[in-house]
Structures are given as structure tokens and as C-alpha cells.
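Have a look at structure-v2.cif below; it lists mmCIF, C-alpha atoms.
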data_run
loop_
_atom_site.label_atom_id
_atom_site.label_comp_id
_atom_site.auth_asym_id
_atom_site.auth_seq_id
_atom_site.Cartn_x
_atom_site.Cartn_y
_atom_site.Cartn_z
CA MET S 1 -78.91 -7.51 36.94
CA LYS S 2 -79.19 -8.65 40.57
CA GLU S 3 -82.73 -8.65 41.96
CA ALA S 4 -83.69 -6.76 45.11
CA LEU S 5 -84.28 -8.56 48.39
CA GLU S 6 -87.22 -10.89 47.87
CA ILE S 7 -90.31 -10.87 50.08
CA GLY S 8 -91.39 -14.45 49.50
CA LYS S 9 -92.76 -16.94 47.00
CA LEU S 10 -96.20 -17.44 45.53
CA LEU S 11 -98.54 -19.90 47.22
CA ARG S 12 -101.62 -19.42 45.04
CA ALA S 13 -102.97 -16.90 42.55
CA SER S 14 -105.93 -15.86 40.45
CA ILE S 15 -106.23 -13.29 37.69
CA THR S 16 -107.01 -10.56 40.27
CA GLY S 17 -104.49 -11.30 43.02
CA CYS S 18 -102.29 -13.76 44.84
CA VAL S 19 -101.15 -14.99 48.22
CA VAL S 20 -97.45 -15.10 49.02
CA GLY S 21 -95.73 -17.10 51.73
CA CYS S 22 -92.76 -15.78 53.62
CA ALA S 23 -90.79 -16.34 56.80
CA VAL S 24 -91.04 -14.02 59.80
CA THR S 25 -87.44 -12.97 59.15
CA GLN S 26 -88.60 -11.56 55.77
CA LEU S 27 -91.42 -9.55 57.34
CA GLU S 28 -89.38 -6.32 57.44
CA ALA S 29 -89.81 -5.69 53.69
CA PRO S 30 -93.59 -5.92 53.08
CA GLN S 31 -95.99 -3.36 54.47
CA PHE S 32 -99.71 -2.75 54.16
CA GLY S 33 -100.39 -0.76 50.98
CA GLY S 34 -96.88 -1.40 49.68
CA MET S 35 -96.40 -1.91 45.95
CA VAL S 36 -94.79 -5.16 44.88
CA ARG S 37 -93.78 -6.80 41.60
CA ILE S 38 -93.55 -10.35 40.32
CA PRO S 39 -91.17 -10.85 37.37
CA LEU S 40 -92.40 -13.45 34.88
CA GLU S 41 -91.07 -14.97 31.70
CA ALA S 42 -91.37 -13.50 28.19
CA GLY S 43 -90.78 -9.90 29.30
CA TYR S 44 -93.76 -9.71 31.67
CA GLN S 45 -93.90 -8.31 35.18
CA VAL S 46 -97.01 -8.11 37.38
CA PHE S 47 -97.57 -5.26 39.87
CA GLY S 48 -99.78 -5.32 42.93
CA LEU S 49 -100.64 -3.80 46.30
CA ILE S 50 -100.37 -5.61 49.64
CA TYR S 51 -103.79 -5.53 51.31
CA ASP S 52 -103.35 -8.09 54.09
CA ILE S 53 -100.59 -9.74 56.12
CA HIS S 54 -101.80 -12.85 57.93
CA ILE S 55 -99.81 -14.69 60.60
CA ASP S 56 -101.20 -18.10 61.47
CA ASP S 57 -100.76 -19.91 64.72
CA ASP S 58 -99.70 -23.50 65.24
CA GLY S 59 -99.80 -26.07 68.04
CA LEU S 60 -96.74 -24.78 69.88
CA VAL S 61 -97.91 -21.17 69.80
CA ARG S 62 -101.28 -22.18 71.24
CA GLN S 63 -99.48 -23.97 74.08
CA LEU S 64 -97.20 -20.99 74.77
CA VAL S 65 -99.97 -18.38 74.91
CA THR S 66 -101.99 -20.48 77.33
CA ALA S 67 -99.04 -21.30 79.60
CA ARG S 68 -99.31 -19.91 83.12
CA GLU S 69 -95.61 -19.12 83.35
CA PRO S 70 -94.20 -16.08 81.51
CA VAL S 71 -92.74 -16.93 78.10
CA SER S 72 -89.03 -16.09 78.03
CA ARG S 73 -87.50 -13.92 75.34
CA GLU S 74 -85.32 -16.84 74.27
CA ILE S 75 -88.37 -19.01 73.58
CA ILE S 76 -90.08 -16.20 71.65
CA ALA S 77 -86.94 -15.59 69.59
CA ASP S 78 -86.55 -19.31 68.91
CA ASN S 79 -90.19 -19.58 67.81
CA ARG S 80 -89.86 -16.62 65.44
CA LEU S 81 -86.40 -17.22 64.01
CA ASN S 82 -85.75 -20.96 64.06
CA ARG S 83 -89.21 -22.36 63.37
CA ASN S 84 -91.27 -21.97 60.22
CA VAL S 85 -93.91 -19.57 61.50
CA PRO S 86 -96.47 -19.36 58.66
CA VAL S 87 -96.89 -15.84 57.26
CA GLU S 88 -99.18 -15.13 54.31
CA ILE S 89 -99.26 -11.86 52.36
CA SER S 90 -102.30 -11.09 50.17
CA VAL S 91 -101.74 -8.99 47.05
CA LEU S 92 -104.27 -7.26 44.80
CA PHE S 93 -103.01 -7.00 41.21
CA SER S 94 -102.97 -3.44 39.86
CA GLY S 95 -101.34 -3.86 36.45
CA TYR S 96 -98.49 -5.36 34.51
CA GLU S 97 -95.50 -4.54 32.34
CA HIS S 98 -94.65 -6.13 29.01
CA ASP S 99 -91.49 -5.32 27.07
CA GLY S 100 -91.02 -2.08 28.99
CA ARG S 101 -94.60 -0.81 28.58
CA ILE S 102 -96.86 -0.54 31.64
CA PHE S 103 -100.59 -1.29 31.54
CA HIS S 104 -103.07 -0.55 34.34
CA LEU S 105 -104.95 -3.72 33.41
CA LEU S 106 -105.21 -7.17 34.93
CA PRO S 107 -102.37 -9.44 33.79
CA PRO S 108 -103.01 -11.80 30.84
CA ARG S 109 -102.40 -14.77 33.14
CA PRO S 110 -101.70 -15.19 36.85
CA PRO S 111 -98.19 -15.88 38.11
CA LEU S 112 -97.33 -19.48 38.96
CA THR S 113 -96.65 -21.08 42.32
CA LEU S 114 -93.15 -20.44 43.66
CA ASP S 115 -92.71 -17.33 41.52
CA THR S 116 -90.76 -14.77 43.56
CA ILE S 117 -92.22 -11.45 44.72
CA TYR S 118 -90.17 -8.30 45.36
CA PRO S 119 -90.91 -4.88 46.90
CA CYS S 120 -91.01 -2.08 44.33
CA SER S 121 -88.24 0.49 44.45
CA PRO S 122 -89.12 4.23 44.32
CA THR S 123 -88.22 4.14 40.61
CA ASP S 124 -90.56 1.17 40.02
CA ILE S 125 -93.37 2.94 41.89
CA THR S 126 -92.91 6.19 39.98
CA ARG S 127 -92.80 4.42 36.60
CA PHE S 128 -96.00 2.54 37.37
CA THR S 129 -98.01 5.37 38.93
CA GLN S 130 -97.09 7.88 36.21
CA ALA S 131 -98.13 5.54 33.39
CA GLY S 132 -101.61 6.44 32.19
CA ARG S 133 -104.28 8.25 34.18
CA PHE S 134 -104.59 6.34 37.47
CA GLY S 135 -106.41 3.49 35.73
CA TYR S 136 -105.31 1.03 38.40
CA PHE S 137 -107.48 2.75 41.04
CA ARG S 138 -110.50 0.89 39.66
CA HIS S 139 -108.99 -2.45 40.72
CA VAL S 140 -108.91 -1.25 44.34
CA LEU S 141 -112.32 0.43 44.25
CA ARG S 142 -114.14 -2.61 42.87
CA ALA S 143 -112.48 -5.15 45.19
CA GLN S 144 -114.85 -6.54 47.81
CA ASP S 145 -114.20 -6.80 51.56
CA LEU S 146 -111.05 -4.68 51.56
CA PRO S 147 -110.27 -1.69 53.82
CA THR S 148 -110.43 0.51 50.71
CA GLY S 149 -109.81 3.89 52.37
CA GLU S 150 -106.83 2.72 54.42
CA LEU S 151 -105.37 0.74 51.50
CA LEU S 152 -105.51 3.73 49.16
CA ALA S 153 -104.15 6.05 51.85
CA ALA S 154 -101.22 3.73 52.56
CA HIS S 155 -100.50 3.41 48.84
CA LEU S 156 -100.75 7.17 48.27
CA LYS S 157 -98.34 7.80 51.14
CA GLN S 158 -95.72 5.45 49.70
CA ALA S 159 -96.27 6.51 46.07
CA GLY S 160 -96.40 10.20 46.98
CA GLN S 161 -93.05 9.97 48.75
CA ALA S 162 -91.54 8.12 45.79
CA ASN S 163 -92.86 10.64 43.27
CA GLN S 164 -91.74 13.59 45.37
CA ALA S 165 -88.24 12.14 45.75
CA LEU S 166 -88.04 11.75 41.97
CA GLY S 167 -89.26 15.24 41.11
CA ASN S 168 -93.07 15.04 40.96
CA PRO S 169 -94.44 16.49 44.24
CA ALA S 170 -97.82 17.26 42.64
CA TRP S 171 -98.60 13.55 42.10
CA ILE S 172 -100.46 12.97 45.38
CA ASN S 173 -102.80 15.93 44.79
CA GLN S 174 -103.51 14.71 41.25
CA ALA S 175 -104.23 11.22 42.60
CA THR S 176 -106.60 12.61 45.24
CA GLN S 177 -108.49 14.62 42.63
CA GLU S 178 -108.86 11.52 40.47
CA LEU S 179 -110.30 9.57 43.41
CA ILE S 180 -112.82 12.36 44.06
CA VAL S 181 -113.97 12.10 40.44
CA LEU S 182 -114.18 8.29 40.53
CA LEU S 183 -116.15 8.27 43.79
CA ARG S 184 -118.44 11.25 43.16
CA ASP S 185 -121.48 8.94 43.11
CA ASP S 186 -120.42 6.93 46.18
CA TYR S 187 -120.39 9.42 49.03
CA PRO S 188 -119.76 6.98 51.94
CA THR S 189 -116.71 5.45 50.24
CA LEU S 190 -115.45 8.90 49.19
CA MET S 191 -115.61 10.16 52.78
CA SER S 192 -113.83 7.03 54.00
CA VAL S 193 -111.05 7.45 51.42
CA LEU S 194 -110.65 11.20 52.00
CA GLY S 195 -110.64 10.71 55.77
CA ALA S 196 -107.84 8.17 55.51
CA ILE S 197 -105.90 10.35 53.05
CA ALA S 198 -106.25 13.35 55.40
CA GLU S 199 -104.42 11.33 58.08
CA ILE S 200 -101.31 10.96 55.90
CA LYS S 201 -101.28 14.66 54.96
CA GLU S 202 -101.31 15.93 58.54
#

What is this file in C-alpha cells?
Amino acid sequence: MKEALEIGKLLRASITGCVVGCAVTQLEAPQFGGMVRIPLEAGYQVFGLIYDIHIDDDGLVRQLVTAREPVSREIIADNRLNRNVPVEISVLFSGYEHDGRIFHLLPPRPPLTLDTIYPCSPTDITRFTQAGRFGYFRHVLRAQDLPTGELLAAHLKQAGQANQALGNPAWINQATQELIVLLRDDYPTLMSVLGAIAEIKE
């Protein structure tokens, strides 16, 4: 079976997440809050959520932005398309699949460098989000220094659209109710999450 268009390849990983490197020309596929997957050997596949996209500068870019003359479109295009502009995508692991069964647990081991990462299709998203009772939310809620409300809202928007397209329009309301239960003792975070979710429902 031919794989979908790849986003990039693994630079480094831990048991809770990874950083992926990609070219600017591949930057159309990933999006903040998007669900991704990393196929591994022995029937394993790791799932995660994109929580950051980081574009570094380099010596030439620093020179261009400080130049007094306007930078031409040709130079900008050449810098983006022909040079290796470093782009890093940070992923928070949300679960894994083994032999066709999905678990909302951290993977048994992290992926290895140069493993390939792919965006999840609507079918992948629906299979993952409908497995279990939203157990993967705890990975997002316990992560430190993340824009938790916006990340969950972006994920719920993508996953809600996927579930609706595949015959489960009630999923997003069920997910919201689960978040209310999980955050009932953390009012500030709950308000942040619900405020962000309200934006995608308007």
C-alpha cells in the first residue's frame, strides 16, 4: 500500500514526543493541532499532535532582513525553494497502534531518527479518536508549557470535521463534555479550553 505524502523525518524523540525536520516546500501538509502518525516496525504505529512549528533563521536570512534595499520576490522564492531553510515540527505523542488495536497510551519506545512522519487521514483520525474514552486527552492536559486551550481547540476542529464526515457528528460535543469533567477542578484551564473551543463552534 502506497503511503500518503510525508511531512518529514524524525530528528529526535523521547517517550512523550518528537521533533521532525522538513523542508519549506513540505510545510503545506502540517498544521497546528493536526494529528500525525509514524509507522514503525513490528506492526506498531505512533500517533501524535503537532503543537509547534519552528522556522529557524540562518546567516543569509539575517543579512536579507537587515538590508536597506527591498528584497525581491525572486530572492525570497530562491531562499524558500532552493535553499535548505530549517523547519522543525514538534509533536506530542497521544497514543499508538499495535496489530490493528489502538491504545491511548504512550508508545512502548520512541521512534528512531529518520523515521518518516505522515499526516493522518480522516479515517485515521476517526479510528483513533473513537477508540476508548478520550484517554489521550490526559497527555495534552499534563504537558507543560503548551498552549493547551488552542491545541485542544485545533485538534477538536480537525477531529470533529473528520468524525462528522464519517457519520459521527456528535463526537465534538462528547469530547467537550469529557474535557469539562477532566478539568472540573482546574477552573482557569477549563475556561481557557472552553474559550478556545467556542471560537471553532462560532

- Message: Show me, as a ChimeraX atom specification, the residues that have an atom within 12 Å of Ile180 (chain S) when counting all atoms listed in the file, minus same-chain residues fewer than 5 positions from it.
- Response: /S:137,141,173-175,185-194,197

- Task: Using the chain letters and residue numbers of this document, give as a ChimeraX atom specification the residues selected by the PyMOL selection byres ((chain S and resi 110-127) around 7).
- Result: /S:4-15,29-30,35-38,107,109,128-131,159,162-163

As lines of an AutoDock Vina configuration file, please report the centre and edge lengths, rounded to one decimal in Å, of the axis-aligned box that holds all listed atoms of region 33-42 of chain S with 5 Å of padding on each of the six sides.
center_x = -95.7
center_y = -7.9
center_z = 39.6
size_x = 19.3
size_y = 24.2
size_z = 32.8

- Task: Let me know the residues the PyMOL selection byres ((chain S and resi 147) around 12) catches in the file above, as an MDAnalysis selection string.
- Result: chainID S and resid 32:33 50:52 140:146 148:154 189 192:193 196

- Tell me, in Å to one decimal, how far CA of Thr16 (chain S) is from CA of Gly135 (chain S). 14.8 Å

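The two atoms in question, CA of Arg133 (chain S) and CA of Gln161 (chain S), are spaced 18.5 Å apart.
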
- Which residue out of S:Gly167, S:Pro70, S:Gly34, S:Gly17 has the minimum interatomic distance to Val46 (chain S) when all atoms listed in the file are used? S:Gly17

- Message: Using Å and a single decimal, report how far CA of Arg138 (chain S) sits from CA of Pro39 (chain S).
- Response: 22.7 Å

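If you measure from each of S:His139, S:His54, S:Arg73, S:Lys157 to Trp171 (chain S) using all atoms listed in the file, the closest one turns out to be S:Lys157.
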
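Residues in contact with Tyr136 (chain S) at up to 7 Å, not including ones fewer than 4 positions away on its chain and judged by all atoms listed in the file, are Ser94, Gly95, His104 and Leu105 of chain S.
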
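Residue nearest Gly21 (chain S) within the list S:Glu199, S:Asp99, S:Asp56, S:Glu41: S:Asp56 [criterion: smallest interatomic distance, all atoms listed in the file].
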
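For the residues S:Tyr96, S:Ile55, S:Glu88, S:Leu182, ranking by smallest atom-to-atom distance to Pro108 (chain S) using all atoms listed in the file places S:Tyr96 first.
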
Export C-alpha atoms of region 64-187 of chain S from the structure just given, as a PDB file, in the first residue's frame?
ATOM      1  CA  LEU S  64      18.397  39.921   3.875  1.00  0.00           C
ATOM      2  CA  VAL S  65      16.128  41.215   6.645  1.00  0.00           C
ATOM      3  CA  THR S  66      18.631  43.908   7.595  1.00  0.00           C
ATOM      4  CA  ALA S  67      19.289  45.027   4.011  1.00  0.00           C
ATOM      5  CA  ARG S  68      18.223  48.582   3.232  1.00  0.00           C
ATOM      6  CA  GLU S  69      17.041  47.716  -0.261  1.00  0.00           C
ATOM      7  CA  PRO S  70      13.727  45.877  -0.747  1.00  0.00           C
ATOM      8  CA  VAL S  71      14.134  42.109  -1.080  1.00  0.00           C
ATOM      9  CA  SER S  72      12.873  40.969  -4.486  1.00  0.00           C
ATOM     10  CA  ARG S  73      10.338  38.189  -4.884  1.00  0.00           C
ATOM     11  CA  GLU S  74      12.904  36.174  -6.825  1.00  0.00           C
ATOM     12  CA  ILE S  75      15.347  36.238  -3.906  1.00  0.00           C
ATOM     13  CA  ILE S  76      12.597  35.277  -1.436  1.00  0.00           C
ATOM     14  CA  ALA S  77      11.482  32.407  -3.682  1.00  0.00           C
ATOM     15  CA  ASP S  78      15.070  31.234  -4.134  1.00  0.00           C
ATOM     16  CA  ASN S  79      15.653  31.316  -0.369  1.00  0.00           C
ATOM     17  CA  ARG S  80      12.496  29.301   0.332  1.00  0.00           C
ATOM     18  CA  LEU S  81      12.591  26.798  -2.506  1.00  0.00           C
ATOM     19  CA  ASN S  82      16.229  26.232  -3.441  1.00  0.00           C
ATOM     20  CA  ARG S  83      17.953  26.516  -0.074  1.00  0.00           C
ATOM     21  CA  ASN S  84      17.545  24.236   2.923  1.00  0.00           C
ATOM     22  CA  VAL S  85      15.571  26.539   5.193  1.00  0.00           C
ATOM     23  CA  PRO S  86      15.422  24.685   8.538  1.00  0.00           C
ATOM     24  CA  VAL S  87      11.873  23.898   9.679  1.00  0.00           C
ATOM     25  CA  GLU S  88      11.193  21.915  12.854  1.00  0.00           C
ATOM     26  CA  ILE S  89       7.810  20.459  13.824  1.00  0.00           C
ATOM     27  CA  SER S  90       7.220  19.443  17.462  1.00  0.00           C
ATOM     28  CA  VAL S  91       4.826  16.558  18.112  1.00  0.00           C
ATOM     29  CA  LEU S  92       3.223  15.421  21.372  1.00  0.00           C
ATOM     30  CA  PHE S  93       2.546  11.672  21.368  1.00  0.00           C
ATOM     31  CA  SER S  94      -1.093  10.778  22.058  1.00  0.00           C
ATOM     32  CA  GLY S  95      -1.137   7.006  21.593  1.00  0.00           C
ATOM     33  CA  TYR S  96      -0.117   4.117  19.420  1.00  0.00           C
ATOM     34  CA  GLU S  97      -1.446   1.217  17.366  1.00  0.00           C
ATOM     35  CA  HIS S  98      -0.226  -2.364  17.516  1.00  0.00           C
ATOM     36  CA  ASP S  99      -1.532  -5.101  15.233  1.00  0.00           C
ATOM     37  CA  GLY S 100      -4.647  -3.079  14.435  1.00  0.00           C
ATOM     38  CA  ARG S 101      -5.531  -2.201  18.041  1.00  0.00           C
ATOM     39  CA  ILE S 102      -5.306   1.432  19.202  1.00  0.00           C
ATOM     40  CA  PHE S 103      -4.151   2.427  22.691  1.00  0.00           C
ATOM     41  CA  HIS S 104      -4.385   5.929  24.180  1.00  0.00           C
ATOM     42  CA  LEU S 105      -1.102   5.295  25.996  1.00  0.00           C
ATOM     43  CA  LEU S 106       2.465   6.428  25.464  1.00  0.00           C
ATOM     44  CA  PRO S 107       4.305   4.203  22.979  1.00  0.00           C
ATOM     45  CA  PRO S 108       6.482   1.363  24.342  1.00  0.00           C
ATOM     46  CA  ARG S 109       9.535   3.008  22.778  1.00  0.00           C
ATOM     47  CA  PRO S 110      10.160   6.245  20.888  1.00  0.00           C
ATOM     48  CA  PRO S 111      10.547   6.246  17.109  1.00  0.00           C
ATOM     49  CA  LEU S 112      14.083   6.377  15.735  1.00  0.00           C
ATOM     50  CA  THR S 113      15.863   9.153  13.875  1.00  0.00           C
ATOM     51  CA  LEU S 114      14.941   9.386  10.185  1.00  0.00           C
ATOM     52  CA  ASP S 115      11.636   7.572  10.723  1.00  0.00           C
ATOM     53  CA  THR S 116       9.048   9.165   8.435  1.00  0.00           C
ATOM     54  CA  ILE S 117       6.007  11.086   9.700  1.00  0.00           C
ATOM     55  CA  TYR S 118       2.708  11.398   7.812  1.00  0.00           C
ATOM     56  CA  PRO S 119      -0.472  13.456   8.292  1.00  0.00           C
ATOM     57  CA  CYS S 120      -3.432  11.377   9.449  1.00  0.00           C
ATOM     58  CA  SER S 121      -6.288  10.904   7.014  1.00  0.00           C
ATOM     59  CA  PRO S 122      -9.902  11.473   8.182  1.00  0.00           C
ATOM     60  CA  THR S 123     -10.207   7.683   8.536  1.00  0.00           C
ATOM     61  CA  ASP S 124      -7.050   7.532  10.691  1.00  0.00           C
ATOM     62  CA  ILE S 125      -8.331  10.381  12.874  1.00  0.00           C
ATOM     63  CA  THR S 126     -11.754   8.794  13.318  1.00  0.00           C
ATOM     64  CA  ARG S 127     -10.285   5.383  14.174  1.00  0.00           C
ATOM     65  CA  PHE S 128      -8.003   6.901  16.784  1.00  0.00           C
ATOM     66  CA  THR S 129     -10.456   9.318  18.405  1.00  0.00           C
ATOM     67  CA  GLN S 130     -13.254   6.745  18.622  1.00  0.00           C
ATOM     68  CA  ALA S 131     -11.043   4.154  20.324  1.00  0.00           C
ATOM     69  CA  GLY S 132     -11.644   4.218  24.071  1.00  0.00           C
ATOM     70  CA  ARG S 133     -12.979   7.135  26.087  1.00  0.00           C
ATOM     71  CA  PHE S 134     -10.786  10.124  25.156  1.00  0.00           C
ATOM     72  CA  GLY S 135      -7.896   8.745  27.205  1.00  0.00           C
ATOM     73  CA  TYR S 136      -5.378  10.638  25.097  1.00  0.00           C
ATOM     74  CA  PHE S 137      -6.630  13.998  26.432  1.00  0.00           C
ATOM     75  CA  ARG S 138      -4.554  13.446  29.576  1.00  0.00           C
ATOM     76  CA  HIS S 139      -1.333  13.598  27.536  1.00  0.00           C
ATOM     77  CA  VAL S 140      -2.247  17.114  26.381  1.00  0.00           C
ATOM     78  CA  LEU S 141      -3.530  18.291  29.761  1.00  0.00           C
ATOM     79  CA  ARG S 142      -0.425  17.228  31.676  1.00  0.00           C
ATOM     80  CA  ALA S 143       2.087  18.610  29.158  1.00  0.00           C
ATOM     81  CA  GLN S 144       3.938  21.672  30.420  1.00  0.00           C
ATOM     82  CA  ASP S 145       4.424  24.975  28.577  1.00  0.00           C
ATOM     83  CA  LEU S 146       1.960  24.212  25.775  1.00  0.00           C
ATOM     84  CA  PRO S 147      -0.907  26.434  24.555  1.00  0.00           C
ATOM     85  CA  THR S 148      -3.310  23.801  25.890  1.00  0.00           C
ATOM     86  CA  GLY S 149      -6.597  25.540  25.043  1.00  0.00           C
ATOM     87  CA  GLU S 150      -5.611  26.402  21.472  1.00  0.00           C
ATOM     88  CA  LEU S 151      -4.051  22.975  20.884  1.00  0.00           C
ATOM     89  CA  LEU S 152      -7.181  21.144  22.022  1.00  0.00           C
ATOM     90  CA  ALA S 153      -9.419  23.503  20.052  1.00  0.00           C
ATOM     91  CA  ALA S 154      -7.391  22.999  16.867  1.00  0.00           C
ATOM     92  CA  HIS S 155      -7.453  19.231  17.372  1.00  0.00           C
ATOM     93  CA  LEU S 156     -11.193  19.188  18.103  1.00  0.00           C
ATOM     94  CA  LYS S 157     -11.859  21.201  14.955  1.00  0.00           C
ATOM     95  CA  GLN S 158      -9.946  18.756  12.757  1.00  0.00           C
ATOM     96  CA  ALA S 159     -11.212  15.629  14.538  1.00  0.00           C
ATOM     97  CA  GLY S 160     -14.781  16.942  14.670  1.00  0.00           C
ATOM     98  CA  GLN S 161     -14.796  17.525  10.921  1.00  0.00           C
ATOM     99  CA  ALA S 162     -13.364  14.052  10.299  1.00  0.00           C
ATOM    100  CA  ASN S 163     -15.911  12.375  12.569  1.00  0.00           C
ATOM    101  CA  GLN S 164     -18.790  14.333  11.076  1.00  0.00           C
ATOM    102  CA  ALA S 165     -17.726  13.421   7.537  1.00  0.00           C
ATOM    103  CA  LEU S 166     -17.656   9.749   8.536  1.00  0.00           C
ATOM    104  CA  GLY S 167     -21.047   9.711  10.251  1.00  0.00           C
ATOM    105  CA  ASN S 168     -20.429  10.749  13.875  1.00  0.00           C
ATOM    106  CA  PRO S 169     -21.453  14.434  14.217  1.00  0.00           C
ATOM    107  CA  ALA S 170     -21.957  14.072  17.993  1.00  0.00           C
ATOM    108  CA  TRP S 171     -18.239  13.399  18.601  1.00  0.00           C
ATOM    109  CA  ILE S 172     -17.198  17.009  19.238  1.00  0.00           C
ATOM    110  CA  ASN S 173     -19.907  17.524  21.876  1.00  0.00           C
ATOM    111  CA  GLN S 174     -18.904  14.278  23.593  1.00  0.00           C
ATOM    112  CA  ALA S 175     -15.262  15.391  23.549  1.00  0.00           C
ATOM    113  CA  THR S 176     -16.158  18.778  25.034  1.00  0.00           C
ATOM    114  CA  GLN S 177     -18.148  17.138  27.834  1.00  0.00           C
ATOM    115  CA  GLU S 178     -15.204  14.866  28.630  1.00  0.00           C
ATOM    116  CA  LEU S 179     -12.873  17.877  28.876  1.00  0.00           C
ATOM    117  CA  ILE S 180     -15.308  19.591  31.261  1.00  0.00           C
ATOM    118  CA  VAL S 181     -15.203  16.513  33.507  1.00  0.00           C
ATOM    119  CA  LEU S 182     -11.403  16.247  33.356  1.00  0.00           C
ATOM    120  CA  LEU S 183     -10.903  19.941  34.158  1.00  0.00           C
ATOM    121  CA  ARG S 184     -13.642  20.389  36.763  1.00  0.00           C
ATOM    122  CA  ASP S 185     -11.020  21.049  39.460  1.00  0.00           C
ATOM    123  CA  ASP S 186      -8.903  23.380  37.296  1.00  0.00           C
ATOM    124  CA  TYR S 187     -11.153  26.333  36.547  1.00  0.00           C
TER     125      TYR S 187
END
